[in-house]
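Working notes, structure below.
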Amino acid sequence: MTTTGRGARRRPRTPGAVRTRLPLVAPAAVGVAFIVLPLVALLLRADWADLATHLSAPVVGQSLRLSAVTTAVTMVVVWTLGTPLAWLLARSDHPLTAWGRALVTVPLVLPPVVGGVALLMTWGRRGVLGGWLEEAFGVTLPFTTAAVVMAEIFVAMPFYVISVEGSMRSLDRRFDEVAATLGAGPVRTFRTVVVPMVLPGIAAGSALAWARALGEFGATITFAGSFPGRTQTAPLGVYAALERDPDAAVALSLVMLAVSVLVLGLLRSRWLR
Amino acid sequence: MTTTGRGARRRPRTPGAVRTRLPLVAPAAVGVAFIVLPLVALLLRADWADLATHLSAPVVGQSLRLSAVTTAVTMVVVWTLGTPLAWLLARSDHPLTAWGRALVTVPLVLPPVVGGVALLMTWGRRGVLGGWLEEAFGVTLPFTTAAVVMAEIFVAMPFYVISVEGSMRSLDRRFDEVAATLGAGPVRTFRTVVVPMVLPGIAAGSALAWARALGEFGATITFAGSFPGRTQTAPLGVYAALERDPDAAVALSLVMLAVSVLVLGLLRSRWLR
Amino acid sequence: MTALDASLAVRLDGFDLDVALRREHGVTAVLGPNGSGKTTALKALAGLHTLESGHVRVAGTTWADARTHLPPEARSVGMVLADPLLFPHLTLLDNVAFGPRSRGMPRAAARSRAAEELGRVGLAELTGRRPSQVSQGQAQRAALARALATDPALLLLDEPLSALDPQTRSVTRADLSHRLRDYAGVTVLVTHDPLDALTLADHLLFLEGGRVVQSGTPAEIVARPRSPYVAGVVGLNLVHGRLAGGGPPRLALAGGAELVVAEVPADARPGDELLATVNPAAVTLFTERPEASARNLWHLEVAAVTVTGQRARVRLHGVPGVELVAEVTLPAVAQLGVTVGTRLWAGVKATEVEVYPA
Amino acid sequence: MTALDASLAVRLDGFDLDVALRREHGVTAVLGPNGSGKTTALKALAGLHTLESGHVRVAGTTWADARTHLPPEARSVGMVLADPLLFPHLTLLDNVAFGPRSRGMPRAAARSRAAEELGRVGLAELTGRRPSQVSQGQAQRAALARALATDPALLLLDEPLSALDPQTRSVTRADLSHRLRDYAGVTVLVTHDPLDALTLADHLLFLEGGRVVQSGTPAEIVARPRSPYVAGVVGLNLVHGRLAGGGPPRLALAGGAELVVAEVPADARPGDELLATVNPAAVTLFTERPEASARNLWHLEVAAVTVTGQRARVRLHGVPGVELVAEVTLPAVAQLGVTVGTRLWAGVKATEVEVYPA
Amino acid sequence: GAADDGAAGDDDPAGPRTVTVLAAASLTDVLELVAADLESDHEGVRVELSFAASSTVVQQVQEGAPADVVALAGQEPLELLEASNRAGEPVVFTTNTLALAVPADNPAGIEGPEDLARDGIRLVVCRPEAPCGAAAQTLFAQLGISPAISSYEPDVRATLAKVSLGEADAGVVYNTDVATAADGVLAVEIPPQDNVVSRYPILAVSDNPLARVFIDEVLSARGQQHLADAGFVAP
Ligand SMILES: Nc1ncnc2c1ncn2[C@@H]1O[C@H](COP(=O)(O)OP(=O)(O)OP(=O)(O)O)[C@@H](O)[C@H]1O
Ligand SMILES: Nc1ncnc2c1ncn2[C@@H]1O[C@H](COP(=O)(O)OP(=O)(O)OP(=O)(O)O)[C@@H](O)[C@H]1O
Ligand SMILES: [Mg+2]
Ligand SMILES: [Mg+2]
């Protein structure tokens, strides 16, 4: 091995580098394999020859379109509500804040089906608020596209809040103070200083939340049901097609997989390094 | 209002403080309400009088026990595989790392049901590896408790890796360098410097991953089925009981909720401030 | 009307600040050891700490008293810290325009005001740069421009030069001094650097442990420091003792040693507490006990050496009550073999000691 | 056998380092402006940068050459940076025991070794503390103990005192000097502080832009600095010019000004390039044009002022080719009204100028 | 691993002690009674039951679920079960008919299947891939109505849950499901002439001798009585 040329800098630091790192590399490789193998299996099992046909199955287009629309609306709501929430949590010194934070992250751990039931108990026809909504405005939420969005917000917002709060908390408090001495009130500081400065964190949190919303299944089917074009999002479409048209189901899964990898990969390489 | 006494320091900074913060507080409050209301509804609907009876339904104890065992095993595996993986990702400068990272986080976005199908396609009797496993060792994984653990690992590890990698990446590289000059090879540095220093991040990641494993439903029912005592974890128990014994289902949900809030709250107040 | 009239009582966990400050105009430098409460005082003025009691009145407006606590954004204040803390996502222009915009000025006006302020600190060419694209000194000047762009009635500078390397520091100090000359409001400047205090301020305030230990004009303070910290800042040795009775005029020091002096204040009686200063340059060092005219002679150990240019300051100790800094040339350091731990003879002529009441 | 024989060629994005260094023993101080490659050189020695070409041989072992690149953990090296970088989760004792443990020493032996090392830097009482519970100076001494606990053949110190406040710095410098006296290996000390260089090192190496610009013993360097940076470090004014023909001996400076000198090297011919130093204390300042004996007299503007103790260093410019630092007393600063921007007359006697070949 | 239990227990020289049954969700209560009978008659034998939608059951068997017996709700899913997985001929052991489930207060005033076609009725059915969903489609075809559907639920359970929670005005489910459902759900009968009869097959999918024992227990008088008690009708 010679050291001439730029390429030399890329060589492993020692011939034995891989060996001495084995106790790290081996488990990491097993971990990667465990996650990646099923994805590969999915690719292997896909009916590539007729992929185009499968992708033109009505369930595919319809459910993808619905997923695109609902997750977009979800993200708008999550940004609007979740960003101020993350900020207040990040800057609160109150001893109860830790518990408030835990409460907000509960949907992370709640089985989605239970989440769906809880949503029904709140917004359903006989729910705590739903009954009143129906009487006062004649609005019923379950079985509507709005219910899909609500289910997605319920499961996705905690991801966003937890992640954005982390970056906001590590923002130097002195920036807030400087903005205040310059005459910026809390809202203006939030808008013109905090948000722009934590943009990478917001991007990361958005990616996570969007991904979670895209994959959402249990709460959606429980709270919104499954009706093609109205409440049957892509994951529900996959489930519905799994037995009747497994190739379409796999094709649909592949599309979701590809889109997600693309979004996560782009975001992470752009923002997160 | 007077400023005498220590209490004065806690007063709001201005009488108008709440008003000027309204554009932040209002959406945050809506966000909290949206998440907390369904949880409250769940509490309201619970049959508190007979809670003890419902909790003694066999499905409750059995599935909680199974969930405790499987999530514990899951966490051991996730720690073992995920920690080195997070470290290698955190310290890799390779341009492809961002994509590797995205790949590892795919299960975050994959609908769990699709994840279950992918696991079946890998480890099932007709799967890429499962067929070989069965022939060579007579081992079939699907529909066993092992399958539950595998499904939980598949969905939970990405949470752990993404979260721990974040804290590892923000670890000052000079600590690695100092450890190296002191004679510690990569593995020793990992074990004695990196892991202890990112313990709070590991705790946070573990909480997330554990919570995700605890709530796991779709991949489990697809890949492991729902055998009481063998593969019927708490969320599957909730689902099974929902129709026949909804009060037991709600009671079980409440137990899960309480345990999760407790764990998240304790962790976050201990480690994450 | 007093432009700044503040009486600050702040209580933090384990720290009490109690400081009064009234100034009509000009620059007040606040000095003190680490943890003496300088930053706390500035934050209380800015509204970032709530007063336990006391008041802050600036240019006729009450910012805080028993019933009032204006938030920082409602106070006409400008603040610059050691770290410029420019908003990294904004250009220098937009950083400086941030204040005027926040106070309601239309965008175009705010920007032209910002351009003007940047011009006044010599950054007219860099308005379009991001903070990451300018040097530390430039960033600090931009921070100053930002703080002044809102025409604050009170300007608070918390060690504005301390994070700069020495060269940048003196250039930036000049810019700061230049810019402050045109500023009509009251400036409070926290610093550790005596030169800042002497070149930028017309009034000095020394804090120790949250209390004012000495205040006055630079000339007063340089002449008669009243605490070891203050003496250290102005570069003098300070000795504290009682006038001894009988014999030549001399001070009895705490550890039993004596300091012979030429003159004492006319009204001093034996037993009176007195302070005495000795210029480090007036301390002579010898390797052997000299047959010298110096009336004060001690055998001391070198505790520390610092060098500036071709001069070294040698800190000596080892005789109870006597702790001296001597200033010698670099060649002398080499010739005397001055390193930490060496024992040397230090002599001070009685005529070089200046005595005043404690 | 040479204890350290290194020829370092390192190529980073946009920066090239090319430095050779051979030392048998003792402390080599590496000085240079920011970004001159000091840290890069240390990292290359430690194995944290890969050599483009060259070699590192220490105590007879090849650490790096065209075919070898030992990783840092296989090199017998100790490193201390400005930031102590103690492992926050370990006590001081375990921090110091980390190295011996990593190199295979049993726990009990490593701990007793660590306790011994901590004792040698005066921290015997603090072995059980966490890094967060000790002062910065103590932490830095612990970092030194940690680096030395593995008996490294090469000790690398990268501005080990720069993050400390001045008082702690001089105490820690003394401890460091004391500890280095007992250390048998080669030490390379990166510093910005001339005092570190003069009191700790027996050999100085100046880097600029990744290249060595001057090296030698402290005495050689103090006497004849060869670059403005080096002159600045040793506190002298450096003037670069050509010997003028005819008239009294004098140098023609770049901007057209002249510097009259008393003596020139015997073999200098008109037109030869020469360097000249002037001690800042030998520069006299006047408000009015004096009728003085100083043969060199310029009307200059004050660019910067710094104060140490009761002396001020005044940087002057305004005549092309002439940039001078003058050292005056604090009272003189007040009397002359020295602030940045003032114009003063600066005089230098020809006899105060020291001339040597460029 | 799977080798410890169920189908793979053949290695045990004393004969397998466990029989694993995968069954349609609608059989949950009945088969638990049947299993209890069998376990009390055969000392040391354990019956493991797992319930899911019939189509899921079939898929699980295909993918290697450790199953000895499969009992399905309807014969369509059976067609998907590959021959290699069958270890015996399927037997129709019972039949089921459809019923309308409505909330206890019947807010939409559903009296019979024809009311389903009214505007504004919120109707939930199983997804067409599930036997209950297929049967519902057949029912609508026989009635000549095409009611507006609010949701295609994954299985009977979910369909019934929507009704019992009051979210749906009506759900098409099996007669037996309404009988076992929690309070809060009423059955509206569908006249026999319009109703759809689902035939429930049971078959062994492993050569575990206990599979036969279990199937016989289901077909026994005692087993049939449990089925009848739950609202099933003998074939
Ligand atoms: N927010 C706070 N809560 C509690 N104590 C505080 C807080 N801020 C500062 N202190 C304490 O108040 C004391 C004074 O701190 P302050 O920052 O005002 O000192 P300083 O004079 O500015 O020191 P330095 O020269 O190091 O900047 C210190 O003991 C510090 O620990
Ligand atoms: N890892 C790196 N990759 C690319 N360039 C680097 C890297 N590290 C340092 N450099 C560049 O190399 C040059 C020398 O840096 P180095 O840190 O060695 O300077 P230094 O002499 O130690 O400066 P200072 O006095 O500021 O510590 C600088 O231009 C720096 O930007
Ligand atoms: Mg401070
Ligand atoms: Mg450096």
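Naming works like this for the structure tokens: A, B, ... for the chains as they're shown, residue 1 at the start of each chain, ligands 1 onward in shown order.
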| said: Using only C-alpha atoms and all ligand atoms, which residues of the polymer chains come no farther than 10 Å from ligand 2? I'd like the answer as an NGL selection string. | reply: :D and (10-17 or 30-44 or 48-49 or 82 or 158-159 or 190-192 or 207-210)
| field | 12 Å contact set for Ala26 of chain B, only C-alpha atoms, chain neighbours under 3 positions out, as a list in words | value |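 Once the adjacent positions are removed, what remains is Thr80, Leu81, Gly82, Thr83, Pro84, Leu85, Leu88 and Val187 of chain A; Val18, Arg19, Thr20, Arg21, Leu22, Pro23, Ala29, Val30, Gly31, Val32 and Ala33 of chain B.
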| said: Set the distance at 9 Å and use only C-alpha atoms: which residues neighbour segment 188-199 of chain A once local chain neighbours fewer than 3 positions away are removed? I'd like the list as a list in words. | reply: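 The contact residues come out as Thr83, Pro84, Trp87, Val164, Ser167, Met168, Leu171, Phe175, Asp176, Ala179, Ala180, Ala184, Gly185, Ile202, Ala203, Ala204 and Trp271 of chain A; Leu24 of chain B; Phe87, Pro88, His89, Phe98 and Ser102 of chain C.
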Write the residues of the preceding selection, restricted to C-alpha atoms, as a JSON list (two decimals), in the first residue's frame.
```json
[["chain", "number", "residue", "atom", "x", "y", "z"],
["A", 83, "THR", "CA", -44.68, 23.70, 16.86],
["A", 84, "PRO", "CA", -45.97, 26.11, 19.53],
["A", 87, "TRP", "CA", -41.75, 25.43, 22.12],
["A", 164, "VAL", "CA", -38.94, 19.29, 17.65],
["A", 167, "SER", "CA", -34.03, 20.63, 19.09],
["A", 168, "MET", "CA", -35.80, 23.61, 20.61],
["A", 171, "LEU", "CA", -31.42, 26.20, 21.33],
["A", 175, "PHE", "CA", -31.12, 33.99, 21.57],
["A", 176, "ASP", "CA", -34.57, 34.38, 23.12],
["A", 179, "ALA", "CA", -34.61, 38.93, 20.65],
["A", 180, "ALA", "CA", -36.58, 40.17, 23.64],
["A", 184, "ALA", "CA", -39.58, 41.08, 19.91],
["A", 185, "GLY", "CA", -42.39, 39.67, 22.02],
["A", 202, "ILE", "CA", -38.56, 20.61, 12.30],
["A", 203, "ALA", "CA", -37.65, 18.81, 9.09],
["A", 204, "ALA", "CA", -36.56, 15.73, 11.01],
["A", 271, "TRP", "CA", -30.86, 18.54, 6.92],
["B", 24, "LEU", "CA", -48.60, 30.45, 20.99],
["C", 87, "PHE", "CA", -29.24, 35.08, 14.36],
["C", 88, "PRO", "CA", -27.52, 32.58, 12.10],
["C", 89, "HIS", "CA", -30.34, 32.41, 9.57],
["C", 98, "PHE", "CA", -34.55, 42.81, 13.44],
["C", 102, "SER", "CA", -39.82, 44.17, 15.96]]
```
Mind dumping a table of every chain B residue within 7 Å of chain A, with the nearest atom pair and its distance in Å to one decimal, using only C-alpha atoms, sorted by chain and rising number, as a tab-separated table?
```
residue	atom	partner	partner_atom	distance
B:Arg21	CA	A:Pro186	CA	6.1
B:Pro23	CA	A:Val187	CA	6.7
B:Leu24	CA	A:Pro84	CA	5.3
B:Pro27	CA	A:Leu81	CA	4.8
B:Ala28	CA	A:Leu85	CA	4.2
B:Val30	CA	A:Leu81	CA	6.9
B:Gly31	CA	A:Leu81	CA	5.1
B:Val32	CA	A:Val104	CA	6.6
B:Ile35	CA	A:Phe154	CA	6.1
B:Leu37	CA	A:Thr122	CA	6.8
B:Pro38	CA	A:Ala118	CA	4.8
B:Leu39	CA	A:Ala118	CA	6.3
B:Ala41	CA	A:Thr122	CA	5.7
B:Leu42	CA	A:Ala118	CA	5.5
B:Thr80	CA	A:Pro27	CA	6.9
B:Leu81	CA	A:Pro27	CA	4.8
B:Gly82	CA	A:Gly31	CA	6.3
B:Pro84	CA	A:Leu24	CA	5.2
B:Leu85	CA	A:Ala28	CA	4.2
B:Ala98	CA	A:Ser269	CA	5.3
B:Trp99	CA	A:Gly265	CA	5.2
B:Ala102	CA	A:Gly265	CA	4.9
B:Leu103	CA	A:Val261	CA	6.2
B:Val104	CA	A:Ile35	CA	6.4
B:Val106	CA	A:Val261	CA	6.4
B:Leu108	CA	A:Arg212	CA	6.5
B:Val109	CA	A:Ala211	CA	4.5
B:Leu110	CA	A:Gly215	CA	5.5
B:Pro111	CA	A:Gly215	CA	4.2
B:Val113	CA	A:Tyr239	CA	7.0
B:Val114	CA	A:Ser253	CA	6.7
B:Ala118	CA	A:Pro38	CA	4.8
B:Leu119	CA	A:Pro38	CA	5.3
B:Met121	CA	A:Ala41	CA	5.8
B:Thr122	CA	A:Pro38	CA	5.4
B:Val128	CA	A:Ala41	CA	6.5
B:Phe154	CA	A:Ile35	CA	6.1
B:Pro186	CA	A:Arg21	CA	6.1
B:Val187	CA	A:Arg21	CA	6.1
B:Ala211	CA	A:Val109	CA	4.5
B:Arg212	CA	A:Val109	CA	5.5
B:Leu214	CA	A:Val109	CA	6.7
B:Gly215	CA	A:Pro111	CA	4.1
B:Glu216	CA	A:Pro111	CA	6.4
B:Phe217	CA	A:Pro111	CA	6.8
B:Pro235	CA	A:Pro111	CA	5.7
B:Ser253	CA	A:Val114	CA	6.6
B:Leu257	CA	A:Leu110	CA	6.4
B:Ser260	CA	A:Val109	CA	6.5
B:Val261	CA	A:Ala102	CA	5.8
B:Leu264	CA	A:Ala102	CA	5.4
B:Gly265	CA	A:Ala102	CA	4.9
B:Arg268	CA	A:Ala98	CA	6.1
B:Ser269	CA	A:Ala98	CA	5.2
```
| task | Just the strand (DSSP E) stuff from segment 235-315 of chain C, please, per backbone DSSP, written as a VMD selection string. | result | chain C and resid 237 to 243 250 to 253 258 to 260 273 to 278 283 to 286 296 to 308 311 to 315
| field | Long-range neighbours of Glu258 of chain C as a list in words, 12 Å cut-off, only C-alpha atoms, 3 positions minimum in chain | value |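 Within the cut-off, the hits are Val239, His240, Gly241, Arg242, Leu243, Ala244, Gly245, Gly247, Pro248, Pro249, Arg250, Leu251, Ala252, Leu253, Ala254, Gly255, Val261, Ala276, Arg295, Asn296, Leu297, Trp298, Val319, Pro320, Gly321, Val322, Val348 and Ala350 of chain C.
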| note | Between D:Glu52, D:Glu327, D:Asp65, D:Asp83, smallest distance to ligand 4 by only C-alpha atoms and all ligand atoms belongs to D:Asp83
| A:Gly183, A:Gly237, A:Gly229, A:Gly201 ranked by distance to Thr150 of chain C, top pick (using only C-alpha atoms) |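 That would be A:Gly183, the residue with the smallest distance to Thr150 of chain C.
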Within segment 185-316 of chain C, find each residue whose DSSP state, derived from the backbone, is alpha helix (DSSP H), and express the selection as a compact mmCIF listing (two decimals) with all heavy atoms, in the first residue's frame.
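Below is the file part-v6.txt, written as the result:
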```txt
# COMPACT_ATOMS: atom_id res chain seq x y z
N PRO C 194 -9.07 46.00 32.44
CA PRO C 194 -8.92 47.38 32.91
C PRO C 194 -8.86 48.38 31.77
O PRO C 194 -9.34 49.51 31.90
CB PRO C 194 -7.60 47.35 33.69
CG PRO C 194 -6.95 46.05 33.39
CD PRO C 194 -8.00 45.11 32.90
N LEU C 195 -8.30 47.96 30.63
CA LEU C 195 -8.17 48.92 29.54
C LEU C 195 -9.54 49.35 29.04
O LEU C 195 -9.75 50.53 28.73
CB LEU C 195 -7.36 48.31 28.39
CG LEU C 195 -7.06 49.30 27.29
CD1 LEU C 195 -6.25 50.48 27.81
CD2 LEU C 195 -6.35 48.64 26.15
N ASP C 196 -10.47 48.39 28.95
CA ASP C 196 -11.84 48.77 28.58
C ASP C 196 -12.34 49.83 29.53
O ASP C 196 -12.89 50.86 29.12
CB ASP C 196 -12.78 47.57 28.70
CG ASP C 196 -12.52 46.51 27.66
OD1 ASP C 196 -11.79 46.81 26.70
OD2 ASP C 196 -13.04 45.40 27.81
N ALA C 197 -12.14 49.55 30.81
CA ALA C 197 -12.66 50.47 31.82
C ALA C 197 -12.02 51.84 31.66
O ALA C 197 -12.69 52.87 31.71
CB ALA C 197 -12.40 49.89 33.20
N LEU C 198 -10.69 51.85 31.47
CA LEU C 198 -9.99 53.13 31.46
C LEU C 198 -10.21 53.89 30.15
O LEU C 198 -10.22 55.12 30.15
CB LEU C 198 -8.50 52.91 31.70
CG LEU C 198 -8.18 52.26 33.06
CD1 LEU C 198 -6.70 51.98 33.19
CD2 LEU C 198 -8.66 53.16 34.21
N THR C 199 -10.38 53.18 29.05
CA THR C 199 -10.48 53.89 27.77
C THR C 199 -11.93 54.14 27.36
O THR C 199 -12.19 55.03 26.57
CB THR C 199 -9.79 53.13 26.63
OG1 THR C 199 -10.33 51.82 26.55
CG2 THR C 199 -8.30 53.05 26.85
N LEU C 200 -12.87 53.34 27.85
CA LEU C 200 -14.24 53.49 27.37
C LEU C 200 -15.15 54.17 28.39
O LEU C 200 -16.14 54.78 28.01
CB LEU C 200 -14.83 52.12 27.02
CG LEU C 200 -14.14 51.37 25.89
CD1 LEU C 200 -14.69 49.95 25.78
CD2 LEU C 200 -14.32 52.10 24.57
N PRO C 218 -12.29 56.92 36.81
CA PRO C 218 -11.08 56.11 36.62
C PRO C 218 -9.90 56.69 37.38
O PRO C 218 -9.17 55.95 38.04
CB PRO C 218 -10.87 56.17 35.11
CG PRO C 218 -12.24 56.36 34.55
CD PRO C 218 -12.97 57.21 35.54
N ALA C 219 -9.74 58.02 37.36
CA ALA C 219 -8.58 58.63 38.02
C ALA C 219 -8.60 58.35 39.51
O ALA C 219 -7.59 57.95 40.11
CB ALA C 219 -8.57 60.13 37.75
N GLU C 220 -9.75 58.52 40.14
CA GLU C 220 -9.87 58.26 41.57
C GLU C 220 -9.49 56.82 41.90
O GLU C 220 -8.80 56.54 42.88
CB GLU C 220 -11.31 58.48 42.04
CG GLU C 220 -11.72 59.95 42.17
CD GLU C 220 -13.25 60.10 42.23
OE1 GLU C 220 -13.96 59.08 42.45
OE2 GLU C 220 -13.72 61.22 42.04
N ILE C 221 -9.96 55.92 41.05
CA ILE C 221 -9.77 54.51 41.36
C ILE C 221 -8.34 54.07 41.13
O ILE C 221 -7.77 53.33 41.92
CB ILE C 221 -10.78 53.68 40.53
CG1 ILE C 221 -12.17 54.08 41.02
CG2 ILE C 221 -10.49 52.19 40.63
CD1 ILE C 221 -13.23 53.09 40.92
N VAL C 222 -7.75 54.57 40.05
CA VAL C 222 -6.36 54.22 39.79
C VAL C 222 -5.48 54.72 40.93
O VAL C 222 -4.55 54.05 41.36
CB VAL C 222 -5.89 54.83 38.44
CG1 VAL C 222 -4.39 54.74 38.29
CG2 VAL C 222 -6.59 54.14 37.29
N ALA C 223 -5.82 55.89 41.48
CA ALA C 223 -4.99 56.46 42.53
C ALA C 223 -5.15 55.70 43.85
O ALA C 223 -4.17 55.44 44.54
CB ALA C 223 -5.35 57.93 42.72
N PRO C 228 -8.11 44.45 47.25
CA PRO C 228 -7.06 43.77 46.48
C PRO C 228 -7.49 43.56 45.03
O PRO C 228 -6.69 43.70 44.11
CB PRO C 228 -6.89 42.43 47.20
CG PRO C 228 -7.43 42.66 48.58
CD PRO C 228 -8.50 43.70 48.44
N TYR C 229 -8.78 43.25 44.83
CA TYR C 229 -9.23 43.03 43.46
C TYR C 229 -9.05 44.30 42.63
O TYR C 229 -8.52 44.28 41.52
CB TYR C 229 -10.68 42.56 43.43
CG TYR C 229 -11.16 42.39 42.01
CD1 TYR C 229 -10.85 41.23 41.30
CD2 TYR C 229 -11.86 43.39 41.36
CE1 TYR C 229 -11.24 41.08 39.99
CE2 TYR C 229 -12.25 43.25 40.04
CZ TYR C 229 -11.93 42.10 39.36
OH TYR C 229 -12.30 41.95 38.07
N VAL C 230 -9.51 45.43 43.20
CA VAL C 230 -9.41 46.70 42.47
C VAL C 230 -7.94 47.03 42.21
O VAL C 230 -7.56 47.43 41.11
CB VAL C 230 -10.11 47.84 43.25
CG1 VAL C 230 -10.03 49.14 42.47
CG2 VAL C 230 -11.56 47.49 43.53
N ALA C 231 -7.09 46.84 43.22
CA ALA C 231 -5.67 47.11 43.03
C ALA C 231 -5.11 46.26 41.90
O ALA C 231 -4.34 46.73 41.06
CB ALA C 231 -4.93 46.83 44.33
N GLY C 232 -5.52 44.99 41.88
CA GLY C 232 -5.05 44.10 40.82
C GLY C 232 -5.46 44.62 39.45
O GLY C 232 -4.67 44.61 38.50
N VAL C 233 -6.68 45.11 39.36
CA VAL C 233 -7.16 45.60 38.07
C VAL C 233 -6.32 46.79 37.60
O VAL C 233 -5.97 46.88 36.43
CB VAL C 233 -8.66 45.99 38.16
CG1 VAL C 233 -9.09 46.78 36.93
CG2 VAL C 233 -9.51 44.74 38.32
N VAL C 234 -6.00 47.70 38.52
CA VAL C 234 -5.24 48.88 38.08
C VAL C 234 -3.74 48.62 38.12
O VAL C 234 -2.95 49.52 37.86
CB VAL C 234 -5.60 50.14 38.91
CG1 VAL C 234 -7.09 50.44 38.76
CG2 VAL C 234 -5.23 49.96 40.37
```
| request: Would you give me, as a ChimeraX atom specification, the residues of chain C that come within 12 Å of chain A, using only C-alpha atoms? | output: /C:42-49,70-90,94-105,143-157
Set out as JSON lines a contact list for chain E and chain A with a cut-off of 6 Å, giving each residue of chain E that qualifies its closest atom pair and distance in Å to one decimal, counting only C-alpha atoms, ordered by chain and rising residue number.
```
{"residue": "E:Ser151", "atom": "CA", "partner": "A:Ser226", "partner_atom": "CA", "distance": 4.8}
{"residue": "E:Tyr152", "atom": "CA", "partner": "A:Ser226", "partner_atom": "CA", "distance": 5.2}
{"residue": "E:Glu167", "atom": "CA", "partner": "A:Arg125", "partner_atom": "CA", "distance": 5.7}
```
| request: Restrict the distance test to only C-alpha atoms, flag each residue of chain D within 6 Å of chain C, and return the flagged residues as a list in words. | output: Ser170, Ala174, Leu195, Gly235, Ala304, Val307, Gly309, Gln310 and Val340 of chain D
Could you write out the selected residues, including N, CA, C and O atoms, as a compact mmCIF listing (two decimals), in the first residue's frame?
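selection05.txt, freshly written:
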```
# COMPACT_ATOMS: atom_id res chain seq x y z
N SER D 170 -1.53 30.84 35.46
CA SER D 170 -0.13 30.88 35.89
C SER D 170 0.14 29.81 36.94
O SER D 170 1.22 29.22 36.95
N ALA D 174 2.76 26.62 36.34
CA ALA D 174 3.80 26.21 37.28
C ALA D 174 3.73 24.70 37.51
O ALA D 174 4.74 23.99 37.47
N LEU D 195 4.86 33.33 27.00
CA LEU D 195 5.40 32.94 28.30
C LEU D 195 5.49 31.42 28.40
O LEU D 195 6.45 30.87 28.94
N GLY D 235 7.49 40.37 21.53
CA GLY D 235 7.24 41.72 22.01
C GLY D 235 8.14 42.79 21.42
O GLY D 235 8.36 43.82 22.04
N ALA D 304 -4.33 51.14 18.29
CA ALA D 304 -4.85 50.29 19.36
C ALA D 304 -4.02 50.52 20.61
O ALA D 304 -2.86 50.91 20.54
N VAL D 307 -3.35 47.40 27.86
CA VAL D 307 -2.75 47.73 29.14
C VAL D 307 -2.43 46.47 29.91
O VAL D 307 -3.21 45.53 29.90
N GLY D 309 -0.94 45.82 33.84
CA GLY D 309 -0.44 46.48 35.02
C GLY D 309 -0.47 47.98 34.80
O GLY D 309 -1.49 48.52 34.36
N GLN D 310 0.66 48.64 35.04
CA GLN D 310 0.65 50.08 34.88
C GLN D 310 1.32 50.52 33.57
O GLN D 310 1.79 51.63 33.44
N VAL D 340 -7.53 55.66 20.62
CA VAL D 340 -7.44 55.26 19.24
C VAL D 340 -7.82 56.42 18.34
O VAL D 340 -8.82 57.10 18.58
```
| request: Could you give me, as number ranges by chain, the residues within 8 Å of segment 186-194 of chain E, counting only C-alpha atoms and dropping anything in the same chain fewer than 4 positions from it? | output: E: 98-104, 106, 110-113, 139, 142-143, 175, 178-179
| Pro290 of chain C environment, 10 Å, only C-alpha atoms, sequence neighbours closer than 6 positions dropped, as JSON, numbers by chain | {"C": [297, 345, 346, 347]}
Who sits within 6 Å of His317 of chain C, only C-alpha atoms, same chain under 4 positions skipped, as a PDB file with C-alpha atoms, in the first residue's frame:
```pdb
ATOM      1  CA  LEU C 300      10.088  35.717  48.670  1.00  0.00           C
ATOM      2  CA  GLU C 301       9.189  32.839  46.432  1.00  0.00           C
ATOM      3  CA  GLU C 323       2.260  39.384  48.536  1.00  0.00           C
TER       4      GLU C 323
END
```
